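**Student:** Contents of coords_33.txt (compact mmCIF, C-alpha atoms) are given next:
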# COMPACT_ATOMS: atom_id res chain seq x y z
CA MET K 22 0.00 0.00 0.00
CA ASN K 23 1.40 3.39 -0.99
CA VAL K 24 1.26 5.61 2.12
CA ASN K 25 2.22 8.66 0.08
CA LYS K 26 -0.98 8.34 -1.99
CA ILE K 27 -3.25 7.91 1.06
CA LEU K 28 -1.81 10.76 3.13
CA PRO K 29 -2.92 13.67 0.90
CA PHE K 30 -6.49 12.30 0.88
CA VAL K 31 -6.51 11.99 4.70
CA LEU K 32 -5.32 15.58 5.00
CA LEU K 33 -8.08 16.65 2.59
CA LEU K 34 -10.93 15.13 4.64
CA PRO K 35 -11.24 17.98 7.20
CA PHE K 36 -11.35 20.47 4.31
CA LEU K 37 -14.10 18.52 2.54
CA ALA K 38 -16.12 18.26 5.76
CA SER K 39 -15.82 21.99 6.40
CA CYS K 40 -17.07 22.76 2.88
CA THR K 41 -20.12 20.54 3.05
CA ASN K 42 -21.29 21.45 6.57
CA LYS K 43 -21.54 25.22 6.36
CA TYR K 44 -24.67 27.33 6.33
CA LYS K 45 -25.13 30.90 5.18
CA ILE K 46 -28.26 32.92 5.87
CA GLU K 47 -29.00 36.04 3.86
CA GLY K 48 -32.15 37.88 4.87
CA THR K 49 -34.06 40.95 3.77
CA SER K 50 -36.83 42.76 5.63
CA SER K 51 -39.27 45.42 4.45
CA VAL K 52 -40.69 45.82 7.97
CA ASN K 53 -39.69 49.28 9.21
CA GLY K 54 -39.73 48.36 12.89
CA LEU K 55 -37.16 45.60 12.33
CA ASP K 56 -34.30 47.88 11.34
CA GLY K 57 -31.68 48.06 14.07
CA LYS K 58 -33.12 45.04 15.87
CA MET K 59 -31.16 41.92 16.76
CA LEU K 60 -32.36 38.59 15.36
CA TYR K 61 -31.44 35.31 17.03
CA LEU K 62 -31.39 31.80 15.68
CA LYS K 63 -32.46 29.45 18.48
CA THR K 64 -33.01 25.73 18.92
CA MET K 65 -34.71 23.75 21.66
CA LYS K 66 -32.11 21.98 23.82
CA ASP K 67 -32.93 20.14 27.05
CA GLY K 68 -36.28 21.94 27.28
CA GLU K 69 -34.81 25.42 26.86
CA TRP K 70 -34.16 27.72 23.89
CA ALA K 71 -30.42 27.91 23.15
CA LYS K 72 -28.93 30.63 20.91
CA LEU K 73 -26.99 29.37 17.89
CA ASP K 74 -26.36 32.60 16.00
CA SER K 75 -27.39 36.25 15.83
CA ALA K 76 -27.41 39.23 13.47
CA GLU K 77 -28.45 42.87 13.45
CA VAL K 78 -30.87 44.12 10.80
CA VAL K 79 -29.10 46.97 9.00
CA HIS K 80 -30.87 48.85 6.20
CA GLY K 81 -33.29 45.97 5.80
CA SER K 82 -30.65 43.24 5.55
CA PHE K 83 -29.07 40.68 7.89
CA SER K 84 -26.77 37.70 7.53
CA MET K 85 -25.44 34.77 9.52
CA LYS K 86 -23.01 31.96 8.75
CA GLY K 87 -21.41 29.07 10.52
CA LYS K 88 -20.78 25.33 10.65
CA ILE K 89 -23.28 22.62 11.56
CA ASP K 90 -22.81 19.02 12.66
CA SER K 91 -26.29 17.94 11.57
CA VAL K 92 -29.51 19.28 10.09
CA GLN K 93 -31.76 20.74 12.78
CA MET K 94 -34.99 22.69 13.15
CA THR K 95 -34.48 26.16 14.56
CA THR K 96 -36.57 29.28 15.11
CA LEU K 97 -35.73 32.86 14.19
CA TYR K 98 -36.41 35.17 17.12
CA MET K 99 -36.53 38.93 17.64
CA ASP K 100 -35.71 39.29 21.33
CA ASP K 101 -38.13 36.80 22.95
CA GLU K 102 -40.66 36.89 20.11
CA SER K 103 -40.78 33.97 17.68
CA VAL K 104 -40.64 35.13 14.05
CA MET K 105 -40.47 32.00 11.88
CA PRO K 106 -39.15 28.41 11.75
CA ILE K 107 -35.90 27.78 9.87
CA VAL K 108 -34.29 24.46 8.96
CA LEU K 109 -30.58 24.89 9.61
CA GLU K 110 -28.93 22.87 6.85
CA SER K 111 -25.90 23.15 4.58
CA GLY K 112 -26.15 25.76 1.87
CA LYS K 113 -27.39 29.29 1.33
CA ILE K 114 -30.72 30.05 3.01
CA VAL K 115 -32.52 33.12 1.70
CA ILE K 116 -35.04 34.66 4.14
CA THR K 117 -37.67 37.25 3.25
CA ILE K 118 -39.62 39.08 5.97
CA SER K 119 -42.47 41.44 5.11
CA ASN K 120 -45.75 42.54 6.65
CA THR K 121 -47.62 39.99 4.54
CA ASP K 122 -45.17 37.13 4.08
CA LEU K 123 -42.43 35.10 5.76
CA LYS K 124 -40.35 32.79 3.63
CA ALA K 125 -37.12 30.79 3.68
CA VAL K 126 -35.88 29.21 0.44
CA GLY K 127 -32.65 28.13 -1.21
CA THR K 128 -32.09 24.81 0.55
CA PRO K 129 -34.19 21.66 0.01
CA LEU K 130 -35.92 21.34 3.40
CA ASN K 131 -36.62 25.07 3.81
CA THR K 132 -38.12 25.26 0.33
CA ALA K 133 -40.27 22.19 1.06
CA LEU K 134 -41.41 23.63 4.41
CA TYR K 135 -42.46 27.00 3.05
CA ASP K 136 -44.14 25.49 -0.02
CA PHE K 137 -46.14 23.39 2.45
CA ILE K 138 -47.00 26.39 4.65
CA ALA K 139 -48.11 28.44 1.60
CA LYS K 140 -50.38 25.67 0.28
CA LYS K 141 -51.86 24.93 3.71
CA ASN K 142 -52.55 28.65 4.26
CA ALA K 143 -54.28 28.81 0.86
CA MET K 144 -56.49 25.84 1.82
CA GLU K 145 -57.38 27.46 5.14
CA GLU K 146 -58.22 30.70 3.30
CA SER K 147 -60.56 28.77 0.97
CA ILE K 148 -62.35 27.28 3.99
CA GLY K 149 -62.65 30.72 5.57
CA GLU K 150 -64.00 32.16 2.31
CA LEU K 151 -66.87 29.65 2.39
CA GLU K 152 -67.95 31.02 5.78
CA ARG K 153 -67.85 34.59 4.46
CA LYS K 154 -69.71 33.49 1.34
CA GLU K 155 -72.63 32.21 3.43
CA THR K 156 -73.10 35.61 5.13
CA ARG K 157 -73.38 37.31 1.70
CA MET K 158 -76.15 35.03 0.42
CA ASP K 159 -79.17 37.36 0.55
CA GLY K 160 -82.52 36.24 -0.85
CA ALA K 161 -81.39 32.64 -1.41
CA ASP K 162 -82.68 29.50 0.24
CA LEU K 163 -80.45 29.78 3.30
CA GLU K 164 -80.91 26.16 4.40
CA GLU K 165 -79.99 24.86 0.95
CA VAL K 166 -77.01 27.20 0.73
CA HIS K 167 -75.88 26.19 4.22
CA GLU K 168 -75.95 22.49 3.31
CA GLN K 169 -74.07 23.10 0.06
CA LEU K 170 -71.35 25.17 1.75
CA LEU K 171 -71.12 22.64 4.58
CA ALA K 172 -70.44 19.89 2.04
CA GLU K 173 -67.84 22.03 0.27
CA GLY K 174 -66.18 22.90 3.57
CA ASP K 175 -66.09 19.24 4.61
CA SER K 176 -64.47 18.32 1.29
CA LEU K 177 -61.85 21.07 1.63
CA MET K 178 -61.11 20.05 5.23
CA LYS K 179 -60.59 16.41 4.22
CA ALA K 180 -58.29 17.50 1.39
CA MET K 181 -56.25 19.68 3.76
CA ASN K 182 -55.98 16.92 6.39
CA GLN K 183 -54.81 14.50 3.70
CA TYR K 184 -52.27 17.03 2.42
CA VAL K 185 -50.88 17.50 5.95
CA LYS K 186 -50.67 13.73 6.49
CA THR K 187 -48.93 13.20 3.14
CA PHE K 188 -46.38 15.92 3.87
CA ILE K 189 -45.58 14.50 7.30
CA SER K 190 -45.36 10.93 5.99
CA ASP K 191 -43.09 12.04 3.12
CA ASN K 192 -40.81 13.56 5.77
CA TYR K 193 -41.05 10.93 8.53
CA GLU K 194 -37.28 10.37 8.35
CA ASN K 195 -36.07 13.99 8.48
CA VAL K 196 -36.60 16.99 10.79
CA LEU K 197 -39.67 18.26 8.94
CA GLY K 198 -41.93 15.31 9.79
CA PRO K 199 -41.74 15.46 13.61
CA ASN K 200 -41.69 19.27 13.72
CA VAL K 201 -44.69 19.78 11.43
CA PHE K 202 -46.49 17.09 13.44
CA ILE K 203 -45.83 19.06 16.65
CA MET K 204 -46.99 22.28 14.93
CA LEU K 205 -50.23 20.48 14.08
CA CYS K 206 -50.62 19.20 17.64
CA SER K 207 -49.96 22.64 19.13
CA SER K 208 -53.26 23.85 17.64
CA LEU K 209 -55.11 21.53 20.05
CA PRO K 210 -56.23 22.88 23.46
CA TYR K 211 -54.32 20.04 25.14
CA PRO K 212 -52.62 16.77 24.02
CA ILE K 213 -55.26 14.35 22.77
CA MET K 214 -55.53 11.61 20.15
CA THR K 215 -57.70 12.81 17.27
CA PRO K 216 -58.64 10.74 14.18
CA GLN K 217 -56.13 12.79 12.14
CA ILE K 218 -53.31 12.14 14.61
CA ASP K 219 -54.21 8.42 14.79
CA ASP K 220 -54.07 8.32 10.99
CA ILE K 221 -50.60 9.90 10.93
CA ILE K 222 -49.21 7.68 13.69
CA LYS K 223 -50.51 4.31 12.48
CA ASP K 224 -48.23 4.28 9.42
CA ALA K 225 -45.27 6.05 11.05
CA PRO K 226 -41.91 4.26 11.38
CA TYR K 227 -40.26 3.71 14.75
CA SER K 228 -37.75 6.51 14.11
CA PHE K 229 -40.64 9.01 13.93
CA LYS K 230 -42.54 7.69 16.96
CA SER K 231 -39.34 7.56 19.03
CA ASN K 232 -38.56 11.23 18.35
CA LYS K 233 -38.48 12.93 21.77
CA MET K 234 -41.12 15.59 20.98
CA VAL K 235 -43.45 13.09 19.30
CA ARG K 236 -43.01 10.53 22.08
CA GLU K 237 -43.76 13.09 24.80
CA PHE K 238 -46.89 14.29 23.00
CA LEU K 239 -48.19 10.75 22.44
CA THR K 240 -47.58 9.81 26.09
CA LYS K 241 -49.52 12.84 27.37
CA ALA K 242 -52.26 12.41 24.76
CA LYS K 243 -52.84 8.77 25.70
CA GLU K 244 -52.91 9.67 29.41
CA ASN K 245 -55.51 12.36 28.69
CA MET K 246 -57.59 9.91 26.64
CA GLN K 247 -57.64 7.50 29.61
CA LEU K 248 -58.76 10.32 31.93
CA ILE K 249 -61.53 11.30 29.52
CA GLU K 250 -62.73 7.69 29.23
CA GLU K 251 -62.70 7.30 33.03
CA HIS K 252 -64.68 10.53 33.43
CA GLN K 253 -67.23 9.35 30.86
CA ARG K 254 -67.62 6.01 32.65
CA MET K 255 -68.18 7.80 35.97
CA GLN K 256 -70.87 10.00 34.39
CA GLN K 257 -72.58 6.95 32.91
CA ASN K 258 -72.54 5.20 36.26
CA VAL K 259 -74.03 8.25 37.99
CA GLY K 260 -76.70 8.54 35.27
CA SER K 261 -77.66 4.86 35.53
CA LYS K 262 -78.23 5.17 39.31
CA LYS K 263 -80.74 8.01 38.95
How does this structure look as structure tokens?

**Tutor:**
Amino acid sequence: MNVNKILPFVLLLPFLASCTNKYKIEGTSSVNGLDGKMLYLKTMKDGEWAKLDSAEVVHGSFSMKGKIDSVQMTTLYMDDESVMPIVLESGKIVITISNTDLKAVGTPLNTALYDFIAKKNAMEESIGELERKETRMDGADLEEVHEQLLAEGDSLMKAMNQYVKTFISDNYENVLGPNVFIMLCSSLPYPIMTPQIDDIIKDAPYSFKSNKMVREFLTKAKENMQLIEEHQRMQQNVGSKK
């Protein structure tokens, strides 16, 4: 074996690693109140938000760069206020902040995440438009209109739920799956197993279900379901004795 041929390659490995595990964030903001503010990139670590990077917004622009050991979900903060989720991954991440839109593109997972958010928001807007449409129906058969819009709304809701499930299942094995799942669960008043969550979990691989955030949610949700069932049984017993 020729040691002289191997040695240059060994020396090159740290250089290759440093090239492939760097991130660069370039952001622009058209929000006047953001100029001069400090933005922080934070990640959840041991139950607390830990700062990874920071930048000042100067003339509507900010930038960050550094090395990463692995892809991770982070959140962009202004002081203690959450601004938007960011996937910290190798490559150039382009962030746009305006009064009407928040977007991160340029790397695969960020582009996928914000395409998902945009489509989900559009679906929610369509559902909301049906409710506004009903209030504008003057002189029509209100009961017939109500039933028609209810059917349309139900169809849109099913389509949105299926879209969310498909996105999570397509990303079971990376950071997007568990984090979007937790975003979905955070809209609930408290952890509980819903038909949509059951549907997502039943096909999920072990790697997804063993994720710390997912596991903690499922544990609490199942405990709450047992409490609800016990409460219902007690009410039935009380009712049967009357």

**Student:** Quote the spacing between CA of Phe188 (chain K) and CA of Met99 (chain K) in Å to one decimal place.

**Tutor:**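 We find that CA of Phe188 (chain K) and CA of Met99 (chain K) lie 28.6 Å from each other.
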
**Student:** Name all residues at most 9 Å from region 244-261 of chain K (count all atoms listed in the file; drop same-chain ones fewer than 6 positions away) and give them as a CSV table (one decimal) with C-alpha atoms, in the frame of the given file.

**Tutor:**
chain,number,residue,atom,x,y,z
K,211,TYR,CA,-54.3,20.0,25.1
K,212,PRO,CA,-52.6,16.8,24.0
K,213,ILE,CA,-55.3,14.4,22.8
K,214,MET,CA,-55.5,11.6,20.2

**Student:** Given all atoms listed in the file as the basis, pick out the residue of K:Met65, K:Met59, K:Met144, K:Ile46 nearest to Asn131 (chain K).

**Tutor:** K:Ile46

**Student:** Using all atoms listed in the file, which residue out of K:Thr96, K:Met204, K:Met181, K:Ser82 lies closest to Thr64 (chain K)?

**Tutor:**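 The closest residue to Thr64 (chain K) is K:Thr96.
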
**Student:** Could you work out how far CA of Ser147 (chain K) lies from CA of Ser207 (chain K), giving the answer in Å with one decimal?

**Tutor:**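 Computed distance, CA of Ser207 (chain K) to CA of Ser147 (chain K), equals 21.9 Å.
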
**Student:** Restricting the calculation to only C-alpha atoms: of K:Asn142, K:Asn42, K:Gln93, K:Thr215, which residue gets closest to Lys113 (chain K)?

**Tutor:**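 Of K:Asn142, K:Asn42, K:Gln93, K:Thr215, the one nearest Lys113 (chain K) is K:Asn42, counting only C-alpha atoms.
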
**Student:** Please provide the set of residues having any atom within 9 Å of Val52 (chain K), restricted to only C-alpha atoms, with same-chain residues fewer than 5 positions apart removed, written as a short mmCIF file (atom, residue, chain, number, x, y, z; two decimals) with C-alpha atoms, in the frame of the given file.

**Tutor:**
data_model
loop_
_atom_site.label_atom_id
_atom_site.label_comp_id
_atom_site.auth_asym_id
_atom_site.auth_seq_id
_atom_site.Cartn_x
_atom_site.Cartn_y
_atom_site.Cartn_z
CA GLY K 81 -33.29 45.97 5.80
CA ILE K 118 -39.62 39.08 5.97
CA SER K 119 -42.47 41.44 5.11
CA ASN K 120 -45.75 42.54 6.65
#
